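**Student:** You'll find upload-v4.cif just under this line, and it carries mmCIF, C-alpha atoms.
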```cif
data_query
#
loop_
_atom_site.label_atom_id
_atom_site.label_comp_id
_atom_site.auth_asym_id
_atom_site.auth_seq_id
_atom_site.Cartn_x
_atom_site.Cartn_y
_atom_site.Cartn_z
CA MET U 1 1.28 -4.69 -25.28
CA LYS U 2 2.98 -7.08 -22.87
CA ASN U 3 2.13 -10.78 -23.07
CA THR U 4 1.99 -13.62 -20.56
CA ASP U 5 0.49 -17.09 -20.76
CA VAL U 6 -0.91 -17.05 -17.22
CA LEU U 7 -1.88 -13.87 -15.41
CA VAL U 8 -2.55 -13.90 -11.66
CA ILE U 9 -4.21 -10.79 -10.27
CA GLY U 10 -3.31 -10.47 -6.59
CA GLY U 11 -0.10 -11.32 -4.79
CA SER U 12 -1.05 -12.50 -1.33
CA ALA U 13 -1.09 -16.14 -0.19
CA ALA U 14 -3.55 -17.42 -2.82
CA GLY U 15 -1.92 -15.52 -5.68
CA ILE U 16 1.57 -16.69 -4.76
CA VAL U 17 0.60 -20.35 -4.44
CA ALA U 18 -1.49 -20.28 -7.64
CA ALA U 19 1.39 -18.76 -9.63
CA VAL U 20 4.08 -21.06 -8.24
CA THR U 21 1.92 -24.16 -8.75
CA ALA U 22 0.99 -23.10 -12.29
CA LYS U 23 4.65 -22.66 -13.19
CA SER U 24 5.67 -25.91 -11.50
CA HIS U 25 3.08 -27.97 -13.42
CA ASN U 26 3.54 -26.05 -16.68
CA PRO U 27 7.22 -25.04 -16.80
CA GLU U 28 7.01 -24.15 -20.50
CA VAL U 29 4.49 -21.32 -19.99
CA SER U 30 5.10 -17.79 -18.73
CA VAL U 31 3.40 -16.83 -15.48
CA THR U 32 2.99 -13.27 -14.22
CA VAL U 33 1.69 -12.01 -10.89
CA ILE U 34 0.41 -8.44 -10.86
CA ARG U 35 -0.23 -6.72 -7.55
CA LYS U 36 -0.50 -3.12 -6.37
CA GLU U 37 1.44 -3.54 -3.11
CA GLU U 38 5.20 -3.07 -3.01
CA GLN U 39 5.36 -5.69 -0.26
CA VAL U 40 2.81 -8.25 0.92
CA VAL U 41 2.32 -9.41 4.49
CA VAL U 42 1.63 -12.85 5.95
CA PRO U 43 -2.16 -12.58 6.50
CA CYS U 44 -2.34 -14.65 9.68
CA GLY U 45 0.63 -12.81 11.19
CA ILE U 46 -0.95 -9.36 10.98
CA PRO U 47 -2.16 -9.12 14.63
CA TYR U 48 1.32 -9.91 15.92
CA ILE U 49 2.97 -6.84 14.38
CA TYR U 50 1.34 -4.90 17.24
CA GLY U 51 3.02 -6.89 19.99
CA SER U 52 5.09 -10.03 19.49
CA LEU U 53 6.91 -8.78 16.37
CA GLU U 54 9.08 -5.67 16.31
CA ASN U 55 7.36 -4.29 13.20
CA SER U 56 5.61 -5.29 9.98
CA ASN U 57 8.94 -5.91 8.22
CA GLN U 58 9.15 -9.15 10.19
CA ASN U 59 5.83 -10.23 8.68
CA VAL U 60 6.61 -9.83 4.97
CA ILE U 61 6.39 -12.63 2.40
CA PRO U 62 9.66 -12.49 0.41
CA ASP U 63 9.37 -12.03 -3.35
CA ALA U 64 12.16 -14.59 -3.70
CA THR U 65 9.44 -17.25 -3.55
CA LEU U 66 8.18 -16.08 -6.96
CA GLU U 67 11.63 -15.39 -8.39
CA LYS U 68 12.94 -18.86 -7.57
CA ALA U 69 9.90 -20.42 -9.22
CA GLY U 70 10.44 -18.42 -12.44
CA VAL U 71 7.33 -16.29 -11.98
CA ASP U 72 7.40 -12.68 -13.18
CA LEU U 73 6.21 -9.97 -10.78
CA LEU U 74 4.65 -6.69 -11.89
CA ILE U 75 3.84 -3.95 -9.35
CA ASP U 76 0.79 -2.20 -10.78
CA GLU U 77 -2.98 -2.17 -10.38
CA VAL U 78 -5.41 -3.80 -12.82
CA VAL U 79 -8.30 -1.41 -13.47
CA SER U 80 -10.22 -3.42 -16.09
CA VAL U 81 -10.26 -6.90 -17.62
CA ASP U 82 -11.60 -7.83 -21.06
CA LEU U 83 -12.20 -11.57 -20.90
CA LYS U 84 -13.17 -11.87 -24.58
CA ALA U 85 -10.10 -10.04 -25.84
CA LYS U 86 -7.99 -11.74 -23.14
CA ASN U 87 -6.26 -8.60 -21.94
CA CYS U 88 -6.30 -6.18 -19.04
CA SER U 89 -5.48 -2.53 -18.50
CA THR U 90 -3.48 -1.20 -15.57
CA LYS U 91 -3.40 2.05 -13.61
CA SER U 92 -0.02 2.93 -15.14
CA GLY U 93 -1.47 2.67 -18.65
CA GLU U 94 -0.07 -0.75 -19.57
CA THR U 95 -2.04 -3.37 -21.48
CA LEU U 96 -1.31 -7.00 -20.69
CA SER U 97 -2.57 -9.97 -22.73
CA PHE U 98 -3.02 -13.48 -21.35
CA ASP U 99 -4.20 -16.98 -22.22
CA LYS U 100 -5.34 -17.96 -18.70
CA ILE U 101 -6.24 -15.66 -15.84
CA ILE U 102 -6.62 -16.29 -12.11
CA PHE U 103 -8.43 -13.81 -9.89
CA ALA U 104 -6.84 -13.81 -6.43
CA THR U 105 -7.97 -10.37 -5.38
CA GLY U 106 -8.67 -11.28 -1.76
CA SER U 107 -10.93 -9.35 0.60
CA MET U 108 -11.38 -5.96 2.23
CA PRO U 109 -12.31 -4.94 5.80
CA LYS U 110 -16.04 -4.56 6.33
CA VAL U 111 -17.12 -1.10 7.47
CA PRO U 112 -20.92 -0.80 7.85
CA LYS U 113 -22.35 2.21 6.03
CA TRP U 114 -24.63 2.94 8.99
CA LEU U 115 -21.74 3.32 11.45
CA LYS U 116 -21.54 7.03 12.31
CA GLY U 117 -18.02 8.30 12.97
CA SER U 118 -16.16 5.59 11.06
CA ASP U 119 -14.39 8.31 9.05
CA LEU U 120 -12.96 10.13 12.07
CA GLU U 121 -9.21 10.49 12.54
CA GLY U 122 -7.97 7.68 14.76
CA VAL U 123 -10.39 5.06 13.40
CA TYR U 124 -8.62 2.17 11.67
CA THR U 125 -9.38 -1.14 10.05
CA ILE U 126 -7.08 -4.16 9.70
CA PRO U 127 -6.51 -4.53 5.94
CA LYS U 128 -3.97 -6.89 4.38
CA ASN U 129 -1.98 -3.86 3.31
CA LYS U 130 1.42 -3.07 4.82
CA VAL U 131 1.18 0.69 4.37
CA SER U 132 -2.15 0.91 6.20
CA LEU U 133 -1.00 -1.47 8.92
CA ASP U 134 2.10 0.66 9.47
CA GLN U 135 -0.04 3.79 9.81
CA LEU U 136 -1.91 2.20 12.71
CA ALA U 137 1.33 0.92 14.25
CA SER U 138 2.79 4.44 14.21
CA GLN U 139 -0.12 5.71 16.34
CA VAL U 140 -0.20 2.93 18.92
CA PRO U 141 2.72 4.16 21.10
CA GLY U 142 0.98 7.49 21.81
CA ALA U 143 -2.40 5.94 22.58
CA LYS U 144 -3.60 5.07 26.08
CA LYS U 145 -7.11 3.73 25.51
CA ILE U 146 -7.86 1.54 22.50
CA VAL U 147 -11.28 0.14 21.63
CA VAL U 148 -11.48 -2.83 19.26
CA ILE U 149 -14.87 -3.48 17.63
CA GLY U 150 -15.43 -7.12 16.70
CA GLY U 151 -14.60 -10.25 18.70
CA GLY U 152 -13.67 -12.59 15.87
CA PHE U 153 -10.18 -14.02 15.52
CA ILE U 154 -8.56 -10.80 14.28
CA GLY U 155 -10.24 -8.71 16.99
CA VAL U 156 -9.26 -11.11 19.76
CA GLU U 157 -5.66 -11.48 18.59
CA VAL U 158 -5.11 -7.76 18.01
CA SER U 159 -6.61 -6.98 21.44
CA ASP U 160 -4.38 -9.52 23.15
CA GLU U 161 -1.27 -8.21 21.40
CA LEU U 162 -2.01 -4.56 22.25
CA ASN U 163 -2.69 -5.58 25.84
CA LYS U 164 0.73 -7.27 25.95
CA VAL U 165 2.44 -3.95 25.19
CA GLY U 166 0.63 -2.23 28.03
CA LYS U 167 -2.34 -0.59 26.33
CA ASP U 168 -5.74 -0.21 27.99
CA VAL U 169 -7.76 -2.32 25.54
CA THR U 170 -11.51 -2.83 25.43
CA LEU U 171 -12.94 -5.39 23.03
CA VAL U 172 -16.59 -5.00 21.98
CA GLU U 173 -18.54 -7.96 20.59
CA VAL U 174 -22.24 -8.02 19.69
CA LEU U 175 -22.59 -11.78 20.26
CA GLU U 176 -22.89 -13.32 23.72
CA HIS U 177 -19.18 -14.13 23.76
CA VAL U 178 -16.08 -13.43 21.67
CA LEU U 179 -15.38 -16.06 18.98
CA GLY U 180 -19.06 -16.99 19.23
CA ALA U 181 -19.45 -17.19 15.46
CA VAL U 182 -17.32 -20.36 15.25
CA PHE U 183 -17.34 -21.94 18.71
CA ASP U 184 -20.19 -23.25 20.83
CA ASN U 185 -21.08 -20.96 23.73
CA ASP U 186 -19.23 -22.90 26.42
CA ILE U 187 -15.97 -22.87 24.45
CA ALA U 188 -16.37 -19.21 23.47
CA GLU U 189 -17.01 -18.29 27.11
CA LYS U 190 -13.86 -20.16 28.14
CA ALA U 191 -11.81 -18.23 25.56
CA GLU U 192 -13.36 -14.96 26.71
CA ASN U 193 -12.48 -15.67 30.34
CA VAL U 194 -8.87 -16.38 29.38
CA LEU U 195 -8.74 -13.07 27.49
CA LYS U 196 -10.20 -11.19 30.48
CA ALA U 197 -7.74 -12.84 32.86
CA ARG U 198 -4.91 -11.51 30.69
CA GLY U 199 -6.15 -7.95 31.13
CA VAL U 200 -8.39 -7.22 28.13
CA ASN U 201 -11.68 -5.52 28.99
CA VAL U 202 -14.41 -7.42 27.16
CA LYS U 203 -17.84 -5.95 26.47
CA SER U 204 -19.80 -8.79 24.91
CA GLY U 205 -23.51 -8.99 24.22
CA SER U 206 -23.78 -5.40 22.97
CA GLY U 207 -22.81 -3.95 19.63
CA ILE U 208 -21.60 -0.48 18.75
CA LYS U 209 -24.04 2.36 18.09
CA GLU U 210 -21.66 5.09 16.97
CA ILE U 211 -18.11 6.39 17.13
CA THR U 212 -17.88 9.82 18.74
CA GLY U 213 -15.56 12.79 18.33
CA GLN U 214 -15.12 16.11 16.51
CA GLY U 215 -12.69 15.46 13.66
CA LYS U 216 -10.74 13.04 15.85
CA VAL U 217 -12.14 10.04 17.69
CA THR U 218 -12.72 10.42 21.43
CA GLY U 219 -14.86 7.39 22.18
CA VAL U 220 -17.62 5.00 21.21
CA THR U 221 -21.21 4.55 22.31
CA LEU U 222 -22.58 1.04 22.60
CA GLU U 223 -26.11 -0.09 21.77
CA ASN U 224 -26.84 -0.44 25.49
CA GLY U 225 -25.96 3.23 26.02
CA GLU U 226 -22.56 2.67 27.64
CA LYS U 227 -19.86 5.13 26.59
CA LEU U 228 -16.19 4.21 26.26
CA GLU U 229 -13.26 6.59 25.96
CA ALA U 230 -10.84 5.91 23.11
CA ASP U 231 -7.73 7.42 21.57
CA ILE U 232 -7.86 4.79 18.81
CA VAL U 233 -10.76 2.68 17.53
CA ILE U 234 -10.00 -0.43 15.50
CA LEU U 235 -12.79 -1.89 13.39
CA ALA U 236 -12.40 -5.67 13.18
CA MET U 237 -15.91 -6.39 11.96
CA GLY U 238 -15.04 -8.95 9.32
CA TYR U 239 -14.15 -8.86 5.63
CA ILE U 240 -15.97 -8.80 2.31
CA PRO U 241 -14.73 -10.30 -0.99
CA ASN U 242 -12.83 -7.87 -3.22
CA THR U 243 -14.70 -8.68 -6.42
CA ASP U 244 -15.56 -5.35 -8.07
CA LEU U 245 -12.98 -6.01 -10.80
CA ALA U 246 -14.40 -9.47 -11.51
CA LYS U 247 -17.96 -8.15 -11.53
CA SER U 248 -17.11 -5.38 -13.98
CA ALA U 249 -15.46 -8.01 -16.19
CA GLY U 250 -18.80 -9.84 -16.35
CA LEU U 251 -18.16 -12.71 -13.95
CA GLU U 252 -21.11 -14.02 -11.92
CA LEU U 253 -21.12 -13.54 -8.15
CA ASN U 254 -23.09 -15.43 -5.49
CA SER U 255 -25.12 -13.96 -2.62
CA TYR U 256 -21.97 -13.40 -0.54
CA GLY U 257 -20.35 -11.43 -3.35
CA GLN U 258 -17.91 -14.25 -4.15
CA ILE U 259 -16.93 -15.20 -7.71
CA LYS U 260 -18.80 -18.36 -8.68
CA VAL U 261 -16.48 -21.31 -9.36
CA ASP U 262 -16.67 -25.07 -9.83
CA GLU U 263 -14.66 -27.71 -7.95
CA TYR U 264 -11.64 -27.05 -10.20
CA MET U 265 -11.82 -23.32 -9.27
CA ARG U 266 -13.01 -22.42 -12.80
CA THR U 267 -15.57 -19.70 -13.41
CA GLU U 268 -18.19 -20.04 -16.14
CA CYS U 269 -15.38 -19.03 -18.53
CA THR U 270 -13.08 -22.00 -19.20
CA ASN U 271 -9.88 -19.95 -19.09
CA VAL U 272 -10.82 -17.90 -16.04
CA PHE U 273 -10.21 -19.12 -12.48
CA ALA U 274 -10.71 -17.59 -9.03
CA VAL U 275 -9.12 -18.55 -5.71
CA GLY U 276 -8.93 -17.31 -2.14
CA ASP U 277 -11.21 -14.89 -0.30
CA CYS U 278 -12.72 -13.59 -3.55
CA ALA U 279 -13.85 -17.07 -4.67
CA GLN U 280 -17.03 -18.97 -3.88
CA LYS U 281 -16.91 -21.36 -0.91
CA HIS U 282 -19.05 -24.46 -0.37
CA ASP U 283 -19.22 -25.98 3.10
CA PHE U 284 -17.80 -29.52 3.03
CA ILE U 285 -20.62 -30.95 5.17
CA THR U 286 -23.71 -28.88 4.35
CA ARG U 287 -22.77 -28.22 0.67
CA ARG U 288 -24.14 -24.69 1.05
CA ASP U 289 -22.30 -21.47 0.26
CA THR U 290 -20.35 -20.07 3.19
CA PRO U 291 -18.58 -16.73 3.77
CA SER U 292 -15.60 -18.50 5.37
CA MET U 293 -12.22 -16.84 4.64
CA LEU U 294 -9.04 -18.67 5.60
CA ALA U 295 -5.50 -18.46 4.22
CA SER U 296 -5.19 -22.24 4.50
CA THR U 297 -8.31 -22.73 2.38
CA ALA U 298 -7.08 -20.10 -0.09
CA CYS U 299 -3.79 -21.95 -0.56
CA ALA U 300 -5.57 -25.27 -1.11
CA GLU U 301 -7.77 -23.66 -3.77
CA ALA U 302 -4.73 -22.03 -5.36
CA ARG U 303 -2.92 -25.36 -5.69
CA ILE U 304 -5.99 -26.89 -7.34
CA ALA U 305 -6.31 -23.99 -9.81
CA GLY U 306 -2.61 -24.14 -10.66
CA ILE U 307 -2.78 -27.87 -11.33
CA ASN U 308 -5.94 -27.68 -13.46
CA LEU U 309 -5.14 -24.64 -15.61
CA TYR U 310 -4.40 -26.55 -18.81
CA ASN U 311 -5.49 -30.10 -18.12
CA ILE U 312 -8.32 -30.94 -15.76
CA SER U 313 -7.41 -33.65 -13.26
CA VAL U 314 -10.68 -35.12 -12.00
CA THR U 315 -8.97 -36.43 -8.86
CA LYS U 316 -7.54 -33.03 -7.92
CA ASN U 317 -10.53 -30.90 -7.05
CA PHE U 318 -11.97 -28.90 -4.19
CA LYS U 319 -14.77 -30.81 -2.51
CA GLY U 320 -15.70 -28.06 -0.07
CA THR U 321 -14.44 -25.91 2.76
CA VAL U 322 -13.93 -27.82 6.02
CA SER U 323 -13.33 -24.48 7.83
CA ILE U 324 -10.53 -25.16 10.28
CA PHE U 325 -10.00 -22.32 12.76
CA SER U 326 -7.53 -22.02 15.60
CA THR U 327 -6.04 -19.35 17.81
CA ALA U 328 -3.91 -18.97 20.91
CA ILE U 329 -4.50 -16.60 23.81
CA GLY U 330 -1.28 -16.82 25.73
CA ASN U 331 -0.61 -20.52 26.31
CA ASP U 332 -4.27 -21.45 25.87
CA ALA U 333 -5.26 -22.63 22.40
CA PHE U 334 -8.71 -23.06 20.86
CA GLY U 335 -9.47 -24.80 17.58
CA VAL U 336 -12.44 -26.12 15.64
CA ALA U 337 -12.87 -28.05 12.38
CA GLY U 338 -16.11 -28.67 10.52
CA LEU U 339 -19.41 -28.38 12.39
CA ASN U 340 -19.79 -27.63 16.07
CA ARG U 341 -22.78 -28.82 18.14
CA SER U 342 -25.04 -25.85 17.48
CA GLN U 343 -24.27 -25.80 13.75
CA ALA U 344 -25.16 -29.49 13.37
CA GLU U 345 -28.43 -28.87 15.19
CA LYS U 346 -29.21 -25.81 13.05
CA GLN U 347 -28.66 -27.89 9.88
CA ASN U 348 -31.00 -30.63 11.17
CA ILE U 349 -28.21 -33.20 11.15
CA PRO U 350 -28.79 -35.86 13.83
CA ALA U 351 -25.50 -36.08 15.67
CA VAL U 352 -23.83 -37.53 18.72
CA CYS U 353 -21.50 -35.19 20.61
CA THR U 354 -18.81 -36.56 22.90
CA LYS U 355 -15.85 -35.09 24.71
CA PHE U 356 -12.82 -36.26 26.65
CA GLU U 357 -10.42 -34.16 28.70
CA GLY U 358 -6.87 -35.27 29.38
CA VAL U 359 -3.40 -33.75 29.16
CA ASP U 360 -1.07 -32.88 26.26
CA LYS U 361 2.04 -34.50 27.78
CA HIS U 362 2.67 -37.55 29.92
CA PRO U 363 3.09 -38.02 32.79
CA GLY U 364 0.93 -35.06 33.76
CA LYS U 365 3.51 -33.74 36.24
CA LEU U 366 5.95 -32.83 33.45
CA PRO U 367 6.71 -29.08 33.35
CA GLY U 368 4.52 -27.19 30.90
CA THR U 369 1.79 -29.86 30.77
CA HIS U 370 -1.57 -28.40 29.77
CA SER U 371 -5.06 -29.86 29.94
CA GLN U 372 -6.37 -30.95 26.55
CA MET U 373 -10.02 -31.39 25.62
CA VAL U 374 -11.36 -32.94 22.43
CA GLU U 375 -15.02 -32.83 21.50
CA LEU U 376 -16.32 -34.69 18.44
CA VAL U 377 -19.54 -34.15 16.50
CA VAL U 378 -20.49 -37.46 14.87
CA ALA U 379 -23.31 -38.37 12.47
CA LYS U 380 -25.76 -40.55 14.37
CA ASP U 381 -26.62 -42.76 11.38
CA SER U 382 -23.08 -43.58 10.24
CA GLY U 383 -20.47 -42.55 12.78
CA LEU U 384 -19.01 -40.12 10.23
CA VAL U 385 -16.93 -37.35 11.81
CA LEU U 386 -18.69 -34.05 11.10
CA GLY U 387 -16.62 -31.78 13.29
CA GLY U 388 -14.42 -31.42 16.30
CA THR U 389 -13.30 -28.85 18.85
CA VAL U 390 -9.98 -28.82 20.69
CA THR U 391 -8.88 -26.73 23.65
CA GLY U 392 -5.55 -27.04 25.40
CA GLY U 393 -1.93 -26.02 25.01
CA LEU U 394 -0.22 -24.85 21.85
CA SER U 395 -0.21 -28.37 20.35
CA ALA U 396 -3.99 -28.03 19.91
CA GLY U 397 -3.48 -26.39 16.52
CA GLU U 398 -2.05 -29.53 14.96
CA LEU U 399 -4.60 -31.77 16.67
CA VAL U 400 -7.49 -29.82 15.16
CA ASN U 401 -5.77 -30.23 11.77
CA ILE U 402 -5.91 -34.01 12.27
CA ILE U 403 -9.66 -33.72 12.83
CA GLY U 404 -9.84 -31.68 9.62
CA PHE U 405 -8.07 -34.49 7.75
CA ALA U 406 -10.56 -36.98 9.20
CA ILE U 407 -13.53 -34.91 8.01
CA GLN U 408 -12.12 -34.35 4.53
CA ASN U 409 -11.40 -38.06 4.10
CA ASN U 410 -14.85 -39.14 5.30
CA MET U 411 -13.49 -41.00 8.30
CA THR U 412 -15.73 -42.41 10.99
CA VAL U 413 -15.15 -42.68 14.72
CA TYR U 414 -14.47 -46.37 14.12
CA ASP U 415 -11.50 -45.37 11.94
CA ILE U 416 -10.22 -43.07 14.67
CA LEU U 417 -10.77 -45.69 17.35
CA THR U 418 -8.43 -48.10 15.55
CA ALA U 419 -5.92 -45.46 14.39
CA GLN U 420 -2.23 -45.97 15.11
CA ILE U 421 -0.49 -42.98 16.63
CA GLY U 422 3.01 -42.07 17.71
CA THR U 423 3.40 -40.64 21.20
CA HIS U 424 6.19 -39.09 23.23
CA PRO U 425 6.10 -37.74 26.81
CA LEU U 426 7.18 -34.22 25.79
CA LEU U 427 5.14 -33.99 22.61
CA THR U 428 1.78 -35.73 22.98
CA ALA U 429 -0.91 -37.00 25.26
CA PRO U 430 -0.39 -40.56 26.56
CA PRO U 431 -1.26 -43.53 24.33
CA THR U 432 -3.52 -44.82 27.10
CA ALA U 433 -5.63 -41.67 27.15
CA TYR U 434 -5.13 -39.86 23.84
CA PRO U 435 -8.07 -37.39 23.94
CA LEU U 436 -9.00 -37.73 20.25
CA ILE U 437 -9.18 -41.52 20.45
CA LYS U 438 -10.93 -41.47 23.82
CA ALA U 439 -13.58 -39.07 22.47
CA ALA U 440 -14.07 -41.48 19.54
CA GLU U 441 -14.36 -44.40 21.97
CA ILE U 442 -17.10 -42.61 23.89
CA ALA U 443 -18.89 -41.85 20.61
CA VAL U 444 -18.77 -45.51 19.55
CA LYS U 445 -20.39 -46.50 22.86
CA LYS U 446 -23.11 -43.87 22.42
CA LEU U 447 -23.82 -45.01 18.85
CA LYS U 448 -24.04 -48.63 20.03
CA ASN U 449 -26.64 -47.71 22.59
#
```
Can you present the structure in this file as structure tokens?

**Tutor:**
Amino acid sequence: MKNTDVLVIGGSAAGIVAAVTAKSHNPEVSVTVIRKEEQVVVPCGIPYIYGSLENSNQNVIPDATLEKAGVDLLIDEVVSVDLKAKNCSTKSGETLSFDKIIFATGSMPKVPKWLKGSDLEGVYTIPKNKVSLDQLASQVPGAKKIVVIGGGFIGVEVSDELNKVGKDVTLVEVLEHVLGAVFDNDIAEKAENVLKARGVNVKSGSGIKEITGQGKVTGVTLENGEKLEADIVILAMGYIPNTDLAKSAGLELNSYGQIKVDEYMRTECTNVFAVGDCAQKHDFITRRDTPSMLASTACAEARIAGINLYNISVTKNFKGTVSIFSTAIGNDAFGVAGLNRSQAEKQNIPAVCTKFEGVDKHPGKLPGTHSQMVELVVAKDSGLVLGGTVTGGLSAGELVNIIGFAIQNNMTVYDILTAQIGTHPLLTAPPTAYPLIKAAEIAVKKLKN
């Protein structure tokens, strides 16, 4: 039997950060990561291996990160965990004992059981698995027509990348617009129009009925009866937590199939933690469980678990998922943090919504200047920032992160209104019309009235 003080099951972003943090804060203990993949990919970079990157080798997380930290790596698959005996069994027949264990088993692509034809040759999902991703990549050059099912971030980004390499791409989304699950309709429509202008065929407002073909895929039929030809169909219909191992070990799951954890990322067992897509998420504002899955959230949870493994620090805990999303379609970026307008309304939270549109450089005639819009969702009774949406150039990603910081630190629009910022003509909006501050200024006026 092999022994380790800390065992991390799963070697993607959450597993890596949890292991490195655990070793950094407890240098005297042994830490082992066990994963079944020979190589792991950068989760958020997956869509770009089909266009912007030459191949998946350019999207690999180097194992040197673990080696430099003094973390042991074992390539194997855990098939069972005995939490009472504090050991696990692997596919190769090894038994590994541990003192502390962290489940970082991630998520798997969602494939609805009712979807006829999902098992046909030429139908693919987008897993966080290099071998599977390479199988799809090997078929792309010979394909003419590609249908992507699901207009979330992965679906949109994969469609855009395949379009860039000259493929005839059709994106199917059941909601009124792509990205409609996270953005308000007007923002989602704007993103959809940008995608269409770049050459992607978008079929929104109708879901898929079935995938057609005899042995090999030839097309799809939509719920509205429309038929689309396809050499390849890519299912980007979301992900589900990979928690079968945790469930069989006796850990409690919530209604989303996530492992239940507290704010220190502990399960009901003191020595058992869970982080990343497999772990329970609470929305920062509503305090309700949410199915949100983000690598940035996973890494934050992993740091908290690594810090609190042996000694609980009451100031270092996870107070909830802010849910900060962003993407770029060409030079147009879209981001959101916290609640949007419709979500605040759905949760019965009285809110003021304000927006300001300016530019991301100054003066506006500088080459490469892009319009920049900031919309804030503000609690009517307190001025607390509940959420924000940003559209604009590629700098929008960092601006939406600032809004995320504001939400997490319980800042109000009054705090933003008096915030000191650094500006530069080539890097930021002007100090006289910084969209985030101007949106806060408008909110303050609305609250006053």

**Student:** Counting all atoms listed in the file, what is within 8 Å of Val79 of chain U, bar same-chain residues fewer than 6 positions away, as a list in words?

**Tutor:**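 Here the answer would be Cys88, Ser89, Thr90, Lys91 and Leu245 of chain U.
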
**Student:** Taking the file as shown, find all residues satisfying the PyMOL selection byres ((chain U and resi 171) around 12) and write them as a VMD selection string.

**Tutor:** chain U and resid 145 to 160 162 to 163 168 to 170 172 to 175 177 to 179 192 195 to 196 199 to 208 220 222 228 230 233 to 237

**Student:** For Gly213 of chain U, list every protein, DNA or RNA residue within 10 Å, evaluated using only C-alpha atoms, and leave out those in the same chain fewer than 3 positions away; present the list as a list in words.

**Tutor:**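 Within the cut-off, the hits are Gly117, Leu120, Glu121, Gly122, Glu210, Lys216, Val217, Thr218, Gly219, Val220 and Ala230 of chain U.
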
**Student:** Can you check which parts of segment 243-334 of chain U lie within 12 Å of segment 349-363 of chain U? Per residue, the shortest pair of atoms and distance in Å to one decimal, counting all atoms listed in the file, sorted by chain and number, as a Markdown table.

**Tutor:**
```
| residue | atom | partner | partner_atom | distance |
| --- | --- | --- | --- | --- |
| U:Ile285 | CA | U:Ile349 | CA | 9.9 |
| U:Thr286 | CA | U:Ile349 | CA | 9.2 |
| U:Asp332 | CA | U:Asp360 | CA | 11.9 |
| U:Ala333 | CA | U:Asp360 | CA | 11.7 |
```

**Student:** Please expand the PyMOL selection byres ((chain U and resi 386-391) around 6) into the concrete residues it hits in this file, giving the result as a PyMOL selection string.

**Tutor:** chain U and resi 333-340+372-378+385+392

**Student:** Using the chain letters and numbers from the file, which residues does the PyMOL selection byres ((chain U and resi 331) around 10) grab, as a short mmCIF file (atom, residue, chain, number, x, y, z; two decimals) with C-alpha atoms, keeping the file's coordinate frame?

**Tutor:**
```cif
data_model
loop_
_atom_site.label_atom_id
_atom_site.label_comp_id
_atom_site.auth_asym_id
_atom_site.auth_seq_id
_atom_site.Cartn_x
_atom_site.Cartn_y
_atom_site.Cartn_z
CA VAL U 194 -8.87 -16.38 29.38
CA ALA U 328 -3.91 -18.97 20.91
CA ILE U 329 -4.50 -16.60 23.81
CA GLY U 330 -1.28 -16.82 25.73
CA ASP U 332 -4.27 -21.45 25.87
CA ALA U 333 -5.26 -22.63 22.40
CA GLY U 368 4.52 -27.19 30.90
CA HIS U 370 -1.57 -28.40 29.77
CA GLY U 392 -5.55 -27.04 25.40
CA GLY U 393 -1.93 -26.02 25.01
CA LEU U 394 -0.22 -24.85 21.85
CA SER U 395 -0.21 -28.37 20.35
#
```
